[in-house]
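Data block for entry.cif (mmCIF, C-alpha atoms):
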data_upload
#
loop_
_atom_site.label_atom_id
_atom_site.label_comp_id
_atom_site.auth_asym_id
_atom_site.auth_seq_id
_atom_site.Cartn_x
_atom_site.Cartn_y
_atom_site.Cartn_z
CA MET A 1 13.21 68.70 -2.09
CA THR A 2 13.17 65.43 -4.07
CA ASP A 3 14.39 63.31 -1.16
CA ARG A 4 11.35 63.98 1.01
CA MET A 5 8.71 64.02 -1.71
CA THR A 6 6.68 61.30 -3.32
CA ALA A 7 5.02 61.58 -6.70
CA PRO A 8 1.67 63.39 -7.08
CA ASP A 9 -1.20 61.41 -5.55
CA ALA A 10 -4.56 60.42 -7.01
CA CYS A 11 -6.31 63.61 -5.85
CA VAL A 12 -3.77 65.80 -7.61
CA VAL A 13 -3.68 63.94 -10.91
CA ALA A 14 -7.47 63.58 -11.01
CA ALA A 15 -8.00 67.30 -10.37
CA ALA A 16 -5.45 68.28 -13.01
CA MET A 17 -6.98 65.91 -15.57
CA GLU A 18 -10.50 67.17 -14.89
CA GLN A 19 -9.39 70.78 -15.33
CA VAL A 20 -7.44 70.27 -18.56
CA LEU A 21 -9.98 68.02 -20.29
CA ARG A 22 -12.93 70.23 -19.39
CA VAL A 23 -11.34 73.54 -20.39
CA MET A 24 -9.45 72.66 -23.55
CA TYR A 25 -10.85 69.36 -24.82
CA PHE A 26 -14.51 69.81 -23.83
CA CYS A 27 -14.89 66.38 -22.19
CA GLU A 28 -14.94 64.82 -18.73
CA SER A 29 -12.90 62.04 -17.19
CA VAL A 30 -13.41 59.36 -14.55
CA TYR A 31 -10.42 58.34 -12.43
CA ARG A 32 -9.76 54.57 -12.59
CA GLY A 33 -6.63 54.26 -10.43
CA GLY A 34 -4.10 51.62 -11.40
CA SER A 35 -5.12 49.92 -14.63
CA SER A 36 -4.08 49.46 -18.27
CA VAL A 37 -4.65 51.80 -21.20
CA GLU A 38 -6.29 49.97 -24.08
CA ALA A 39 -4.19 49.30 -27.17
CA PRO A 40 -2.98 50.65 -29.45
CA VAL A 41 -1.37 53.21 -27.15
CA LEU A 42 0.34 56.47 -28.08
CA SER A 43 2.84 57.69 -25.49
CA THR A 44 5.08 60.68 -24.95
CA SER A 45 7.08 62.07 -22.07
CA LEU A 46 8.80 65.25 -20.99
CA THR A 47 11.29 65.98 -18.26
CA PHE A 48 11.00 68.61 -15.55
CA GLU A 49 13.86 70.25 -13.68
CA GLY A 50 14.03 72.69 -10.80
CA ALA A 51 12.75 72.22 -7.27
CA VAL A 52 12.14 68.59 -8.22
CA HIS A 53 13.46 66.55 -11.13
CA GLY A 54 11.80 63.81 -13.05
CA THR A 55 9.90 62.59 -16.06
CA PHE A 56 6.22 63.08 -16.81
CA ARG A 57 4.72 60.31 -18.93
CA VAL A 58 1.43 60.47 -20.84
CA MET A 59 -0.27 57.52 -22.56
CA VAL A 60 -3.46 57.80 -24.61
CA SER A 61 -5.27 55.10 -26.55
CA GLU A 62 -5.18 55.76 -30.27
CA ARG A 63 -8.97 55.88 -30.40
CA CYS A 64 -9.12 58.48 -27.64
CA ALA A 65 -6.26 60.50 -29.15
CA ARG A 66 -8.18 60.76 -32.43
CA GLN A 67 -11.35 61.89 -30.63
CA MET A 68 -9.45 64.42 -28.48
CA THR A 69 -7.87 65.85 -31.61
CA ALA A 70 -11.23 66.12 -33.34
CA ASP A 71 -12.77 67.84 -30.30
CA PHE A 72 -9.81 70.21 -29.89
CA LEU A 73 -9.78 71.24 -33.54
CA VAL A 74 -13.55 71.00 -34.06
CA LEU A 75 -13.19 68.48 -36.87
CA GLU A 76 -14.88 65.16 -37.62
CA SER A 77 -12.77 62.33 -36.20
CA GLU A 78 -12.39 60.71 -39.64
CA ASP A 79 -10.91 63.97 -40.97
CA VAL A 80 -8.12 64.09 -38.39
CA SER A 81 -4.58 63.44 -39.68
CA SER A 82 -1.82 61.55 -37.90
CA ASP A 83 0.22 64.77 -37.73
CA GLN A 84 -2.68 66.51 -35.97
CA ILE A 85 -3.00 63.61 -33.51
CA GLU A 86 0.73 63.76 -32.78
CA ALA A 87 0.64 67.52 -32.20
CA THR A 88 -2.48 67.32 -30.05
CA VAL A 89 -1.17 64.58 -27.76
CA ARG A 90 2.15 66.40 -27.33
CA GLU A 91 0.30 69.65 -26.53
CA PHE A 92 -1.93 67.77 -24.09
CA ALA A 93 1.19 66.33 -22.42
CA ASN A 94 2.67 69.81 -22.05
CA VAL A 95 -0.49 71.26 -20.50
CA ILE A 96 -1.36 68.32 -18.20
CA CYS A 97 2.23 68.20 -16.95
CA GLY A 98 2.13 71.90 -16.03
CA ALA A 99 -1.29 71.58 -14.40
CA THR A 100 -0.38 68.48 -12.38
CA LEU A 101 2.95 69.74 -11.10
CA ASN A 102 1.46 73.12 -10.21
CA LEU A 103 -1.31 71.52 -8.16
CA TRP A 104 1.26 69.24 -6.51
CA ILE A 105 3.86 71.88 -5.57
CA PRO A 106 2.47 75.31 -6.48
CA GLU A 107 5.42 77.18 -5.02
CA ALA A 108 7.98 75.44 -7.25
CA THR A 109 9.69 76.94 -10.26
CA LEU A 110 10.10 74.19 -12.85
CA ARG A 111 11.47 74.01 -16.36
CA PHE A 112 9.91 71.55 -18.80
CA SER A 113 11.42 69.92 -21.85
CA VAL A 114 9.57 69.71 -25.14
CA PRO A 115 7.40 66.53 -25.21
CA ALA A 116 9.10 63.69 -27.08
CA ASP A 117 7.87 62.36 -30.40
CA LEU A 118 4.99 59.92 -30.00
CA ALA A 119 5.69 56.20 -29.65
CA ARG A 120 3.00 53.66 -30.64
CA VAL A 121 2.64 50.39 -28.76
CA ASP A 122 0.26 47.62 -29.79
CA GLU A 123 -0.26 46.11 -26.32
CA PRO A 124 -2.18 47.61 -23.37
CA GLN A 125 0.08 49.67 -21.10
CA SER A 126 -0.26 49.66 -17.32
CA SER A 127 -0.08 52.78 -15.17
CA GLY A 128 -0.82 53.88 -11.63
CA HIS A 129 -3.17 56.70 -12.68
CA CYS A 130 -5.62 55.78 -15.43
CA PHE A 131 -8.74 57.59 -16.66
CA SER A 132 -11.82 56.92 -18.73
CA VAL A 133 -13.26 59.62 -20.95
CA SER A 134 -16.00 57.58 -22.62
CA GLU A 135 -18.02 54.56 -21.53
CA ASP A 136 -15.94 52.19 -19.42
CA ARG A 137 -12.82 52.28 -21.54
CA THR A 138 -9.50 53.06 -19.87
CA GLU A 139 -7.90 55.42 -22.34
CA ILE A 140 -5.55 57.92 -20.68
CA ALA A 141 -2.80 57.53 -18.11
CA ILE A 142 -0.36 59.99 -16.58
CA ASP A 143 2.60 59.39 -14.28
CA ALA A 144 5.20 61.65 -12.72
CA LEU A 145 8.38 59.71 -12.06
CA LEU A 146 10.82 61.44 -9.71
CA ARG A 147 14.58 61.11 -10.00
CA MET B 1 -9.68 94.95 -39.23
CA THR B 2 -7.53 93.95 -36.25
CA ARG B 3 -4.32 92.18 -37.25
CA VAL B 4 -3.35 89.32 -34.91
CA LEU B 5 -0.17 87.26 -35.15
CA ILE B 6 -0.33 83.83 -33.47
CA VAL B 7 3.09 82.41 -32.57
CA ASP B 8 3.41 78.78 -31.44
CA ASP B 9 5.53 75.83 -32.54
CA SER B 10 2.46 73.61 -32.16
CA PRO B 11 0.26 73.79 -35.28
CA VAL B 12 -2.76 72.56 -33.32
CA MET B 13 -2.40 75.37 -30.76
CA ARG B 14 -2.22 77.92 -33.58
CA HIS B 15 -5.38 76.32 -34.99
CA TYR B 16 -7.08 76.43 -31.56
CA VAL B 17 -6.26 80.11 -31.01
CA ALA B 18 -7.23 81.07 -34.57
CA ARG B 19 -10.55 79.24 -34.25
CA THR B 20 -11.24 80.97 -30.95
CA LEU B 21 -10.63 84.36 -32.57
CA ARG B 22 -12.95 83.52 -35.46
CA MET B 23 -15.63 82.43 -32.99
CA THR B 24 -15.74 85.94 -31.55
CA GLY B 25 -17.47 87.10 -34.71
CA MET B 26 -15.08 90.01 -34.97
CA ASP B 27 -13.14 90.89 -38.06
CA PHE B 28 -9.59 89.67 -37.46
CA ALA B 29 -6.80 89.30 -39.99
CA ILE B 30 -5.05 86.25 -38.57
CA HIS B 31 -1.41 85.49 -39.30
CA GLU B 32 0.71 82.65 -37.92
CA ALA B 33 4.36 81.94 -37.17
CA GLU B 34 6.03 78.84 -35.72
CA ASN B 35 8.65 80.59 -33.59
CA GLY B 36 9.85 84.00 -32.46
CA ARG B 37 12.38 84.43 -35.25
CA VAL B 38 9.76 83.93 -37.96
CA ALA B 39 7.31 86.04 -35.94
CA ILE B 40 9.51 89.13 -35.68
CA ASP B 41 10.05 89.18 -39.44
CA LYS B 42 6.33 88.78 -40.05
CA ALA B 43 5.46 91.39 -37.42
CA CYS B 44 7.69 93.98 -39.07
CA GLU B 45 5.87 93.27 -42.33
CA ILE B 46 2.24 93.22 -41.18
CA LYS B 47 2.42 95.48 -38.05
CA PRO B 48 -0.04 93.48 -35.94
CA GLU B 49 -2.09 95.13 -33.20
CA VAL B 50 -1.72 91.97 -31.08
CA ILE B 51 0.73 89.08 -30.92
CA ILE B 52 -0.40 85.95 -29.05
CA THR B 53 2.70 83.88 -28.34
CA ASP B 54 3.84 80.69 -26.67
CA LEU B 55 6.76 81.03 -24.26
CA THR B 56 9.00 78.08 -25.08
CA MET B 57 9.72 77.54 -28.75
CA PRO B 58 12.71 76.44 -30.82
CA GLU B 59 15.00 79.11 -32.34
CA MET B 60 13.42 82.05 -30.48
CA GLY B 61 11.02 81.91 -27.54
CA GLY B 62 8.45 84.32 -26.19
CA ARG B 63 10.79 86.28 -23.90
CA GLU B 64 13.13 87.27 -26.70
CA LEU B 65 10.19 87.97 -28.98
CA ILE B 66 8.77 90.47 -26.47
CA ALA B 67 12.13 92.24 -26.29
CA ARG B 68 12.51 92.33 -30.07
CA VAL B 69 8.98 93.67 -30.55
CA HIS B 70 9.60 96.53 -28.13
CA ALA B 71 12.93 97.34 -29.77
CA ALA B 72 11.61 97.22 -33.32
CA ALA B 73 10.76 100.35 -35.23
CA GLY B 74 7.08 100.49 -36.12
CA LEU B 75 5.90 98.02 -33.50
CA GLY B 76 5.49 100.47 -30.64
CA SER B 77 1.75 99.94 -30.42
CA THR B 78 1.85 96.14 -30.78
CA ARG B 79 0.58 94.36 -27.66
CA VAL B 80 1.84 90.91 -26.69
CA ILE B 81 -0.20 88.20 -24.93
CA VAL B 82 1.79 85.23 -23.65
CA LEU B 83 0.06 81.84 -23.56
CA SER B 84 1.96 79.04 -21.80
CA ALA B 85 1.65 75.96 -19.59
CA ASP B 86 4.46 77.26 -17.35
CA ARG B 87 2.99 78.26 -13.97
CA SER B 88 6.21 79.12 -12.18
CA PRO B 89 5.69 81.64 -9.36
CA GLY B 90 6.62 85.17 -10.40
CA LEU B 91 6.63 84.36 -14.10
CA SER B 92 3.58 86.47 -14.85
CA ASP B 93 5.09 89.52 -13.13
CA GLU B 94 8.40 88.97 -14.89
CA LEU B 95 6.75 88.88 -18.31
CA ILE B 96 4.58 91.91 -17.61
CA ARG B 97 7.68 93.83 -16.51
CA ALA B 98 9.38 92.72 -19.72
CA GLY B 99 6.55 94.26 -21.71
CA ALA B 100 3.85 91.63 -22.12
CA SER B 101 0.30 92.93 -21.83
CA ALA B 102 -1.13 89.70 -20.41
CA TYR B 103 -0.05 86.24 -19.38
CA LEU B 104 -2.52 83.37 -19.79
CA VAL B 105 -1.88 79.94 -18.32
CA LYS B 106 -2.93 76.84 -20.24
CA PRO B 107 -5.44 75.26 -20.09
CA VAL B 108 -7.13 78.40 -21.30
CA SER B 109 -10.77 78.30 -22.35
CA PRO B 110 -11.98 79.99 -25.52
CA GLU B 111 -14.01 82.38 -23.32
CA HIS B 112 -11.00 83.41 -21.26
CA LEU B 113 -8.81 83.91 -24.30
CA LYS B 114 -11.50 85.96 -26.00
CA ALA B 115 -12.08 88.13 -22.92
CA SER B 116 -8.37 88.82 -22.52
CA LEU B 117 -7.99 89.75 -26.15
CA MET B 118 -11.02 92.03 -26.07
CA LYS B 119 -9.65 93.76 -22.98
CA ILE B 120 -6.31 94.35 -24.69
CA ILE B 121 -7.84 95.78 -27.81
CA LYS B 122 -10.42 97.61 -25.72
CA VAL B 123 -13.57 96.04 -27.10
CA ASP B 124 -16.50 95.29 -24.83
CA VAL B 125 -17.69 91.68 -24.74
#

As a first step, turn the structure in this file into structure tokens.
Amino acid sequence: MTDRMTAPDACVVAAAMEQVLRVMYFCESVYRGGSSVEAPVLSTSLTFEGAVHGTFRVMVSERCARQMTADFLVLESEDVSSDQIEATVREFANVICGATLNLWIPEATLRFSVPADLARVDEPQSSGHCFSVSEDRTEIAIDALLR
Amino acid sequence: MTRVLIVDDSPVMRHYVARTLRMTGMDFAIHEAENGRVAIDKACEIKPEVIITDLTMPEMGGRELIARVHAAAGLGSTRVIVLSADRSPGLSDELIRAGASAYLVKPVSPEHLKASLMKIIKVDV
């Protein structure tokens, strides 16, 4: 199946993001297309195997990750710990990966790895599918890279 | 008081589920475990009415936990709700056949989780 497929398009990733953020993180997103996530950036990835194989990458600005964690746990953002941010971003990666791939190829049975430990980068990171969740900041990006 | 055991390797998901249960206003005794192995030991001790479990966890996942719960003495009335991001076709049916009472796909809203739990423990919402 991999040979004839391209990665999920903008409609798929935008719909998945809208669903996940609204239901579990109580916020809305605006699709920005190809852009750069503002620094500092926290990133993780997980692999998927089955009908298609590849890597799903998630990048979130540190500011947005803190706010998502606070919203998810119903805490004040200044009370959120780095461990809670790490766990929240990895959980978000797990859920957005499942939602995106299911919208893309709903008939496929896929196995996902556990999201990797977070990496922190101090420069903006470019991606083909970026989102804003507040004001005009570009703060989340997701990419499915097929093997 | 209804005893609920929340099983997930993600501490923030355990927090999310526990908070959702507390928001129902009902009287739950909430216990937590980080994987199926820890959960089965705790379940034998506290005899929960409901276990809410993730599917993929280190050491022991949700599938094996369901089997162990149904094989364990004293847990015959314990109901298991599976909560996972895995949307593979047929997975829900497979888990229900294995003994799960419900399968909820993430993202799951607090309202959906609450309604499913109330249905399982037969409380009107």

For A:Ser126, please output as a list in words all residues within 8 Å (counting all atoms listed in the file; exclusion window: fewer than 6 positions along the same chain).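 Returned residues: Gly34, Ser35, Ser36 and Val37 of chain A.
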
Expanded to explicit residues, what is the PyMOL selection byres ((chain B) within 10 of (chain A)) for this file, as a PyMOL selection string? chain B and resi 9-13+15-17+19+56-58+84-91+105-112

Got time to write the residues from that selection, C-alpha atoms, as a CSV table (one decimal), in the frame of the given file?
chain,number,residue,atom,x,y,z
B,9,ASP,CA,5.5,75.8,-32.5
B,10,SER,CA,2.5,73.6,-32.2
B,11,PRO,CA,0.3,73.8,-35.3
B,12,VAL,CA,-2.8,72.6,-33.3
B,13,MET,CA,-2.4,75.4,-30.8
B,15,HIS,CA,-5.4,76.3,-35.0
B,16,TYR,CA,-7.1,76.4,-31.6
B,17,VAL,CA,-6.3,80.1,-31.0
B,19,ARG,CA,-10.6,79.2,-34.2
B,56,THR,CA,9.0,78.1,-25.1
B,57,MET,CA,9.7,77.5,-28.8
B,58,PRO,CA,12.7,76.4,-30.8
B,84,SER,CA,2.0,79.0,-21.8
B,85,ALA,CA,1.6,76.0,-19.6
B,86,ASP,CA,4.5,77.3,-17.4
B,87,ARG,CA,3.0,78.3,-14.0
B,88,SER,CA,6.2,79.1,-12.2
B,89,PRO,CA,5.7,81.6,-9.4
B,90,GLY,CA,6.6,85.2,-10.4
B,91,LEU,CA,6.6,84.4,-14.1
B,105,VAL,CA,-1.9,79.9,-18.3
B,106,LYS,CA,-2.9,76.8,-20.2
B,107,PRO,CA,-5.4,75.3,-20.1
B,108,VAL,CA,-7.1,78.4,-21.3
B,109,SER,CA,-10.8,78.3,-22.4
B,110,PRO,CA,-12.0,80.0,-25.5
B,111,GLU,CA,-14.0,82.4,-23.3
B,112,HIS,CA,-11.0,83.4,-21.3

Convert the output of the PyMOL selection byres ((chain A and resi 127) around 12) on the shown file into explicit residues, formatted as a ChimeraX atom specification. /A:32-38,43,57-60,124-126,128-131,138-145

Serialized selection, C-alpha atoms, as a PDB file, in the frame of the given file:
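File written: out.pdb
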ATOM      1  CA  ARG A  32      -9.760  54.570 -12.590  1.00  0.00           C
ATOM      2  CA  GLY A  33      -6.630  54.260 -10.430  1.00  0.00           C
ATOM      3  CA  GLY A  34      -4.100  51.620 -11.400  1.00  0.00           C
ATOM      4  CA  SER A  35      -5.120  49.920 -14.630  1.00  0.00           C
ATOM      5  CA  SER A  36      -4.080  49.460 -18.270  1.00  0.00           C
ATOM      6  CA  VAL A  37      -4.650  51.800 -21.200  1.00  0.00           C
ATOM      7  CA  GLU A  38      -6.290  49.970 -24.080  1.00  0.00           C
ATOM      8  CA  SER A  43       2.840  57.690 -25.490  1.00  0.00           C
ATOM      9  CA  ARG A  57       4.720  60.310 -18.930  1.00  0.00           C
ATOM     10  CA  VAL A  58       1.430  60.470 -20.840  1.00  0.00           C
ATOM     11  CA  MET A  59      -0.270  57.520 -22.560  1.00  0.00           C
ATOM     12  CA  VAL A  60      -3.460  57.800 -24.610  1.00  0.00           C
ATOM     13  CA  PRO A 124      -2.180  47.610 -23.370  1.00  0.00           C
ATOM     14  CA  GLN A 125       0.080  49.670 -21.100  1.00  0.00           C
ATOM     15  CA  SER A 126      -0.260  49.660 -17.320  1.00  0.00           C
ATOM     16  CA  GLY A 128      -0.820  53.880 -11.630  1.00  0.00           C
ATOM     17  CA  HIS A 129      -3.170  56.700 -12.680  1.00  0.00           C
ATOM     18  CA  CYS A 130      -5.620  55.780 -15.430  1.00  0.00           C
ATOM     19  CA  PHE A 131      -8.740  57.590 -16.660  1.00  0.00           C
ATOM     20  CA  THR A 138      -9.500  53.060 -19.870  1.00  0.00           C
ATOM     21  CA  GLU A 139      -7.900  55.420 -22.340  1.00  0.00           C
ATOM     22  CA  ILE A 140      -5.550  57.920 -20.680  1.00  0.00           C
ATOM     23  CA  ALA A 141      -2.800  57.530 -18.110  1.00  0.00           C
ATOM     24  CA  ILE A 142      -0.360  59.990 -16.580  1.00  0.00           C
ATOM     25  CA  ASP A 143       2.600  59.390 -14.280  1.00  0.00           C
ATOM     26  CA  ALA A 144       5.200  61.650 -12.720  1.00  0.00           C
ATOM     27  CA  LEU A 145       8.380  59.710 -12.060  1.00  0.00           C
TER      28      LEU A 145
END

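Interatomic distance, atom CA of A:Gly54 against atom CA of B:Val7: 28.3 Å.
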
Dump as number ranges by chain all residues having an atom at most 7 Å from (-1.1, 81.4, -24.4), computed in the file's coordinates with all atoms listed in the file. B: 52-54, 81-84, 104-106

For the selection you just gave me, I'd like the residues written to a file as a short mmCIF file (atom, residue, chain, number, x, y, z; two decimals), keeping the file's coordinate frame, keeping C-alpha atoms.
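Output file selection_7.cif is given in full below:
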data_model
loop_
_atom_site.label_atom_id
_atom_site.label_comp_id
_atom_site.auth_asym_id
_atom_site.auth_seq_id
_atom_site.Cartn_x
_atom_site.Cartn_y
_atom_site.Cartn_z
CA ILE B 52 -0.40 85.95 -29.05
CA THR B 53 2.70 83.88 -28.34
CA ASP B 54 3.84 80.69 -26.67
CA ILE B 81 -0.20 88.20 -24.93
CA VAL B 82 1.79 85.23 -23.65
CA LEU B 83 0.06 81.84 -23.56
CA SER B 84 1.96 79.04 -21.80
CA LEU B 104 -2.52 83.37 -19.79
CA VAL B 105 -1.88 79.94 -18.32
CA LYS B 106 -2.93 76.84 -20.24
#

Find the residues with any atom within 8 Å of (-8.5, 88.9, -41.8); use all atoms listed in the file and the coordinates as given in the file, and write the answer as a list in words. Met1, Thr2, Arg3, Asp27, Phe28, Ala29 and Ile30 of chain B

Check which residues satisfy the PyMOL selection byres ((chain A and resi 61) around 6) in the file shown, then give them as a list in words.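 Here the PyMOL selection byres ((chain A and resi 61) around 6) matches Glu38, Ala39, Pro40, Val41, Leu42, Val60, Glu62, Arg63, Cys64 and Glu139 of chain A.
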
Between atom CA of A:Gly50 and atom CA of A:Ile105, measure the distance and give it in Å to one decimal. 11.5 Å

I need the residue nearest A:Asp71 from this list: A:Cys27, A:Leu146, A:Ala15, A:Val52. Use only C-alpha atoms for the distance. A:Cys27

In Å, with one decimal, what is the gap from atom CA of B:Leu5 to atom CA of A:Ser77? 28.0 Å

Give me the residues near B:Asp41 as a VMD selection string, where near means some atom within 12 Å (using only C-alpha atoms) and where sequence neighbours in that chain fewer than 4 positions away do not count. chain B and resid 5 7 32 to 37 45 to 48 60 65 68 to 69 72 to 73 75

Considering all atoms listed in the file, can you say which of B:Arg14, B:Lys119, B:His31, B:Lys114 comes closest to B:Arg79? B:Lys119

Can you complete the atoms of stretch 80-101 of chain A to N, CA and C atoms and list them as an mmCIF file, in the coordinates of the input?
data_model
loop_
_atom_site.group_PDB
_atom_site.id
_atom_site.type_symbol
_atom_site.label_atom_id
_atom_site.label_comp_id
_atom_site.auth_asym_id
_atom_site.auth_seq_id
_atom_site.Cartn_x
_atom_site.Cartn_y
_atom_site.Cartn_z
ATOM 1 N N VAL A 80 -9.327 63.750 -39.141
ATOM 2 C CA VAL A 80 -8.120 64.090 -38.390
ATOM 3 C C VAL A 80 -6.904 63.354 -38.963
ATOM 4 N N SER A 81 -5.795 64.060 -39.127
ATOM 5 C CA SER A 81 -4.580 63.440 -39.680
ATOM 6 C C SER A 81 -3.680 62.934 -38.550
ATOM 7 N N SER A 82 -2.757 62.068 -38.904
ATOM 8 C CA SER A 82 -1.820 61.550 -37.900
ATOM 9 C C SER A 82 -0.921 62.676 -37.362
ATOM 10 N N ASP A 83 -0.585 63.631 -38.211
ATOM 11 C CA ASP A 83 0.220 64.770 -37.730
ATOM 12 C C ASP A 83 -0.557 65.585 -36.695
ATOM 13 N N GLN A 84 -1.853 65.759 -36.934
ATOM 14 C CA GLN A 84 -2.680 66.510 -35.970
ATOM 15 C C GLN A 84 -2.816 65.745 -34.658
ATOM 16 N N ILE A 85 -2.935 64.418 -34.739
ATOM 17 C CA ILE A 85 -3.000 63.610 -33.510
ATOM 18 C C ILE A 85 -1.694 63.749 -32.734
ATOM 19 N N GLU A 86 -0.578 63.643 -33.442
ATOM 20 C CA GLU A 86 0.730 63.760 -32.780
ATOM 21 C C GLU A 86 0.849 65.119 -32.073
ATOM 22 N N ALA A 87 0.512 66.176 -32.777
ATOM 23 C CA ALA A 87 0.640 67.520 -32.200
ATOM 24 C C ALA A 87 -0.316 67.720 -31.023
ATOM 25 N N THR A 88 -1.505 67.154 -31.129
ATOM 26 C CA THR A 88 -2.480 67.320 -30.050
ATOM 27 C C THR A 88 -2.063 66.574 -28.787
ATOM 28 N N VAL A 89 -1.590 65.351 -28.940
ATOM 29 C CA VAL A 89 -1.170 64.580 -27.760
ATOM 30 C C VAL A 89 0.046 65.240 -27.103
ATOM 31 N N ARG A 90 0.971 65.740 -27.911
ATOM 32 C CA ARG A 90 2.150 66.400 -27.330
ATOM 33 C C ARG A 90 1.743 67.703 -26.628
ATOM 34 N N GLU A 91 0.787 68.437 -27.192
ATOM 35 C CA GLU A 91 0.300 69.650 -26.530
ATOM 36 C C GLU A 91 -0.432 69.292 -25.236
ATOM 37 N N PHE A 92 -1.235 68.241 -25.290
ATOM 38 C CA PHE A 92 -1.930 67.770 -24.090
ATOM 39 C C PHE A 92 -0.909 67.410 -23.000
ATOM 40 N N ALA A 93 0.161 66.716 -23.387
ATOM 41 C CA ALA A 93 1.190 66.330 -22.420
ATOM 42 C C ALA A 93 1.812 67.574 -21.764
ATOM 43 N N ASN A 94 2.084 68.566 -22.562
ATOM 44 C CA ASN A 94 2.670 69.810 -22.050
ATOM 45 C C ASN A 94 1.741 70.470 -21.031
ATOM 46 N N VAL A 95 0.458 70.548 -21.358
ATOM 47 C CA VAL A 95 -0.490 71.260 -20.500
ATOM 48 C C VAL A 95 -0.809 70.448 -19.234
ATOM 49 N N ILE A 96 -1.012 69.132 -19.385
ATOM 50 C CA ILE A 96 -1.360 68.320 -18.200
ATOM 51 C C ILE A 96 -0.153 68.207 -17.269
ATOM 52 N N CYS A 97 1.042 68.218 -17.804
ATOM 53 C CA CYS A 97 2.230 68.200 -16.950
ATOM 54 C C CYS A 97 2.291 69.484 -16.108
ATOM 55 N N GLY A 98 2.098 70.630 -16.756
ATOM 56 C CA GLY A 98 2.130 71.900 -16.030
ATOM 57 C C GLY A 98 1.039 71.971 -14.972
ATOM 58 N N ALA A 99 -0.166 71.523 -15.340
ATOM 59 C CA ALA A 99 -1.290 71.580 -14.400
ATOM 60 C C ALA A 99 -1.074 70.658 -13.210
ATOM 61 N N THR A 100 -0.580 69.455 -13.463
ATOM 62 C CA THR A 100 -0.380 68.480 -12.380
ATOM 63 C C THR A 100 0.708 68.947 -11.417
ATOM 64 N N LEU A 101 1.830 69.358 -11.967
ATOM 65 C CA LEU A 101 2.950 69.740 -11.100
ATOM 66 C C LEU A 101 2.625 71.021 -10.322
#
